[in-house]
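K.L.:
Before I ask anything, here is the structure I am working with.
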Amino acid sequence: MEPSRDYPLFGGAFSATLPPGAIDVSDLRPVPDNQEVFCHRMTDQSLIVELLELQAHVQGEEAARYHFEDVGGVQGARTVQVEAVQPLLLENLALRGCCEEAWVLSGKQQVAKENQQP
């Protein structure tokens, strides 16, 4: 089995550990500058890392939910399901001097792929 690997994101600003079999979608098609998109060669799953603009009217956990639901709406998601929202410990972040809080949201969205119906 292929081992997981660290992959630089957004020109090396930070990195993520990707599972075995992850393919960089930007090698296959254009991807917006604010996204990093990976797919698995054997499944119908993808991982999207997206940089989003600050929305001052929502904070904390609600900001994570807001962005996740907004992206789902823009993409025309049939379903948007939040599984968990958890704070990240600032001492574990490389950007700890630049932010007051950080959150990770895990969820699922059912979205049609390019040129397909939902």
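Naming scheme: A, B, ... for chains in displayed order of the structure tokens; residues 1 onward per chain; ligands 1 onward as shown.
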Please return, as a PyMOL selection string, all residues of chain A that DSSP assigns to helix (DSSP H, G or I) on the basis of the backbone.
P.N.:
chain A and resi 10-12+25-27+60-74+90-92
K.L.:
Point out the residue among A:Gln109, A:Asn92, A:Ser15, A:Ser26 with the least atom-to-atom distance to A:Asp70, counting only C-alpha atoms.
P.N.:
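Of the candidates, the smallest distance to A:Asp70 is held by A:Gln109.
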K.L.:
In Å to one decimal, how far is atom CA of A:Gly60 from atom CA of A:Phe38?
P.N.:
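Separating atom CA of A:Phe38 from atom CA of A:Gly60 is a distance of 26.7 Å.
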K.L.:
Kindly indicate which residue among A:Pro32, A:Pro19, A:Gly107, A:Gly12 lies nearest to A:Val85, using only C-alpha atoms for the distances.
P.N.:
A:Gly107
K.L.:
Between atom CA of A:Ala56 and atom CA of A:Val82, what is the spacing in Å?
P.N.:
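Between these atoms lies a distance of 21.2 Å.
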K.L.:
Could you tell me, as a VMD selection string, which residues of chain A DSSP assigns to strand (DSSP E or B) when given the backbone?
P.N.:
chain A and resid 5 to 9 14 to 18 22 to 24 35 to 40 46 to 50 79 to 87 103 to 110
K.L.:
Please list as a PyMOL selection string every residue within 12 Å of A:Cys99, counting only C-alpha atoms and excluding residues in the same chain fewer than 2 positions away.
P.N.:
chain A and resi 54+60+88-91+93-97+101-103
K.L.:
Please report the interatomic distance between atom CA of A:Leu18 and atom CA of A:Cys98 in Å with one decimal.
P.N.:
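One can read the atom CA of A:Leu18 to atom CA of A:Cys98 distance as 25.1 Å.
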K.L.:
For stretch 4-10 of chain A, work out the shell of residues within 10 Å, counting only C-alpha atoms and skipping chain neighbours fewer than 2 positions away, then give it as an NGL selection string.
P.N.:
:A and (1-2 or 12-22 or 24 or 33-37 or 49-51)
K.L.:
Give me a file of those residues, with all heavy atoms, as a short mmCIF file (atom, residue, chain, number, x, y, z; two decimals), in the first residue's frame.
P.N.:
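Once written, selection.cif looks like this:
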data_model
loop_
_atom_site.label_atom_id
_atom_site.label_comp_id
_atom_site.auth_asym_id
_atom_site.auth_seq_id
_atom_site.Cartn_x
_atom_site.Cartn_y
_atom_site.Cartn_z
N MET A 1 0.84 -1.18 0.00
CA MET A 1 0.00 0.00 0.00
C MET A 1 0.88 1.24 0.00
O MET A 1 1.89 1.31 0.69
CB MET A 1 -0.92 0.00 1.22
CG MET A 1 -1.82 1.21 1.23
SD MET A 1 -2.64 1.58 2.80
CE MET A 1 -3.91 0.39 2.87
N GLU A 2 0.47 2.22 -0.76
CA GLU A 2 1.18 3.49 -0.85
C GLU A 2 1.04 4.25 0.49
O GLU A 2 -0.05 4.33 1.04
CB GLU A 2 0.55 4.30 -1.99
CG GLU A 2 1.11 5.67 -2.20
CD GLU A 2 0.34 6.43 -3.27
OE1 GLU A 2 -0.44 5.84 -4.02
OE2 GLU A 2 0.53 7.66 -3.32
N GLY A 12 2.99 26.27 -0.72
CA GLY A 12 3.83 25.94 0.43
C GLY A 12 3.50 26.74 1.68
O GLY A 12 4.22 26.64 2.67
N ALA A 13 2.42 27.54 1.66
CA ALA A 13 2.04 28.32 2.84
C ALA A 13 1.74 27.40 4.03
O ALA A 13 2.01 27.75 5.17
CB ALA A 13 0.82 29.19 2.54
N PHE A 14 1.20 26.22 3.77
CA PHE A 14 1.02 25.19 4.77
C PHE A 14 0.90 23.87 4.05
O PHE A 14 0.99 23.82 2.82
CB PHE A 14 -0.15 25.45 5.73
CG PHE A 14 -1.47 25.73 5.09
CD1 PHE A 14 -2.40 24.72 4.91
CD2 PHE A 14 -1.80 27.00 4.70
CE1 PHE A 14 -3.63 24.98 4.34
CE2 PHE A 14 -3.04 27.27 4.12
CZ PHE A 14 -3.96 26.26 3.95
N SER A 15 0.77 22.77 4.79
CA SER A 15 0.72 21.47 4.14
C SER A 15 -0.34 20.60 4.79
O SER A 15 -0.85 20.91 5.86
CB SER A 15 2.09 20.77 4.21
OG SER A 15 2.43 20.49 5.55
N ALA A 16 -0.66 19.51 4.11
CA ALA A 16 -1.63 18.55 4.61
C ALA A 16 -1.09 17.15 4.36
O ALA A 16 -0.37 16.92 3.38
CB ALA A 16 -2.98 18.72 3.92
N THR A 17 -1.43 16.23 5.25
CA THR A 17 -1.09 14.84 5.03
C THR A 17 -2.23 14.20 4.26
O THR A 17 -3.37 14.21 4.71
CB THR A 17 -0.88 14.11 6.38
OG1 THR A 17 0.15 14.78 7.10
CG2 THR A 17 -0.50 12.66 6.16
N LEU A 18 -1.91 13.70 3.07
CA LEU A 18 -2.92 13.13 2.19
C LEU A 18 -2.89 11.61 2.25
O LEU A 18 -1.83 11.00 2.43
CB LEU A 18 -2.68 13.58 0.75
CG LEU A 18 -2.78 15.08 0.52
CD1 LEU A 18 -2.48 15.41 -0.94
CD2 LEU A 18 -4.15 15.61 0.91
N PRO A 19 -4.06 11.01 2.08
CA PRO A 19 -4.12 9.54 2.12
C PRO A 19 -3.50 8.92 0.87
O PRO A 19 -3.34 9.59 -0.16
CB PRO A 19 -5.62 9.26 2.18
CG PRO A 19 -6.26 10.45 1.57
CD PRO A 19 -5.36 11.62 1.88
N PRO A 20 -3.18 7.65 0.95
CA PRO A 20 -2.67 6.95 -0.23
C PRO A 20 -3.67 7.05 -1.38
O PRO A 20 -4.88 7.00 -1.16
CB PRO A 20 -2.53 5.50 0.24
CG PRO A 20 -2.45 5.58 1.72
CD PRO A 20 -3.26 6.78 2.12
N GLY A 21 -3.18 7.22 -2.58
CA GLY A 21 -4.04 7.27 -3.75
C GLY A 21 -4.58 8.64 -4.09
O GLY A 21 -5.32 8.79 -5.06
N ALA A 22 -4.25 9.67 -3.32
CA ALA A 22 -4.75 11.02 -3.59
C ALA A 22 -4.09 11.58 -4.85
O ALA A 22 -2.88 11.47 -5.03
CB ALA A 22 -4.50 11.93 -2.41
N ASP A 24 -3.76 15.08 -7.28
CA ASP A 24 -3.94 16.53 -7.36
C ASP A 24 -4.77 16.83 -8.60
O ASP A 24 -4.32 16.63 -9.73
CB ASP A 24 -2.58 17.21 -7.43
CG ASP A 24 -2.66 18.72 -7.35
OD1 ASP A 24 -3.74 19.29 -7.59
OD2 ASP A 24 -1.61 19.34 -7.08
N ASP A 33 -7.77 29.55 -7.74
CA ASP A 33 -6.60 29.86 -6.91
C ASP A 33 -6.85 29.70 -5.42
O ASP A 33 -5.92 29.47 -4.66
CB ASP A 33 -6.13 31.30 -7.17
CG ASP A 33 -5.48 31.46 -8.53
OD1 ASP A 33 -5.10 30.43 -9.15
OD2 ASP A 33 -5.35 32.61 -8.99
N ASN A 34 -8.11 29.82 -4.98
CA ASN A 34 -8.40 29.71 -3.55
C ASN A 34 -8.73 28.28 -3.13
O ASN A 34 -9.17 28.05 -2.02
CB ASN A 34 -9.56 30.64 -3.16
CG ASN A 34 -10.88 30.20 -3.76
OD1 ASN A 34 -10.94 29.80 -4.91
ND2 ASN A 34 -11.93 30.28 -2.98
N GLN A 35 -8.49 27.32 -4.02
CA GLN A 35 -8.79 25.92 -3.71
C GLN A 35 -7.59 25.01 -3.99
O GLN A 35 -6.80 25.27 -4.88
CB GLN A 35 -9.94 25.39 -4.57
CG GLN A 35 -11.28 25.97 -4.28
CD GLN A 35 -12.35 25.35 -5.16
OE1 GLN A 35 -12.08 24.63 -6.12
NE2 GLN A 35 -13.60 25.63 -4.81
N GLU A 36 -7.52 23.95 -3.21
CA GLU A 36 -6.66 22.80 -3.49
C GLU A 36 -7.62 21.62 -3.52
O GLU A 36 -8.40 21.43 -2.58
CB GLU A 36 -5.60 22.60 -2.41
CG GLU A 36 -4.58 23.71 -2.33
CD GLU A 36 -3.49 23.64 -3.39
OE1 GLU A 36 -3.51 22.71 -4.23
OE2 GLU A 36 -2.62 24.51 -3.36
N VAL A 37 -7.61 20.85 -4.61
CA VAL A 37 -8.58 19.77 -4.78
C VAL A 37 -7.84 18.47 -5.06
O VAL A 37 -6.95 18.42 -5.91
CB VAL A 37 -9.57 20.08 -5.93
CG1 VAL A 37 -10.59 18.96 -6.08
CG2 VAL A 37 -10.26 21.41 -5.71
N VAL A 49 -9.74 21.78 -0.14
CA VAL A 49 -9.28 22.75 0.85
C VAL A 49 -9.49 24.11 0.21
O VAL A 49 -8.97 24.37 -0.87
CB VAL A 49 -7.80 22.54 1.22
CG1 VAL A 49 -7.34 23.59 2.22
CG2 VAL A 49 -7.56 21.13 1.73
N GLU A 50 -10.27 24.95 0.87
CA GLU A 50 -10.64 26.23 0.27
C GLU A 50 -10.37 27.37 1.23
O GLU A 50 -10.74 27.31 2.41
CB GLU A 50 -12.13 26.20 -0.11
CG GLU A 50 -12.57 27.39 -0.89
CD GLU A 50 -13.86 27.15 -1.66
OE1 GLU A 50 -14.42 26.05 -1.60
OE2 GLU A 50 -14.27 28.08 -2.35
N LEU A 51 -9.70 28.42 0.75
CA LEU A 51 -9.49 29.62 1.52
C LEU A 51 -10.70 30.52 1.32
O LEU A 51 -11.10 30.78 0.20
CB LEU A 51 -8.23 30.36 1.06
CG LEU A 51 -6.91 29.62 1.27
CD1 LEU A 51 -5.76 30.44 0.72
CD2 LEU A 51 -6.69 29.31 2.74
#
K.L.:
Quick one: of A:Ala84, A:Ala77, A:Val71, A:Val25, who's nearest to A:Leu47, counting only C-alpha atoms?
P.N.:
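Comparing A:Ala84, A:Ala77, A:Val71, A:Val25 against A:Leu47, the winner is A:Val25.
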K.L.:
Restricting the calculation to only C-alpha atoms: of A:Lys113, A:Leu105, A:Ala64, A:Ile23, which residue gets closest to A:Met42?
P.N.:
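Ranking A:Lys113, A:Leu105, A:Ala64, A:Ile23 by distance to A:Met42, first place goes to A:Ile23.
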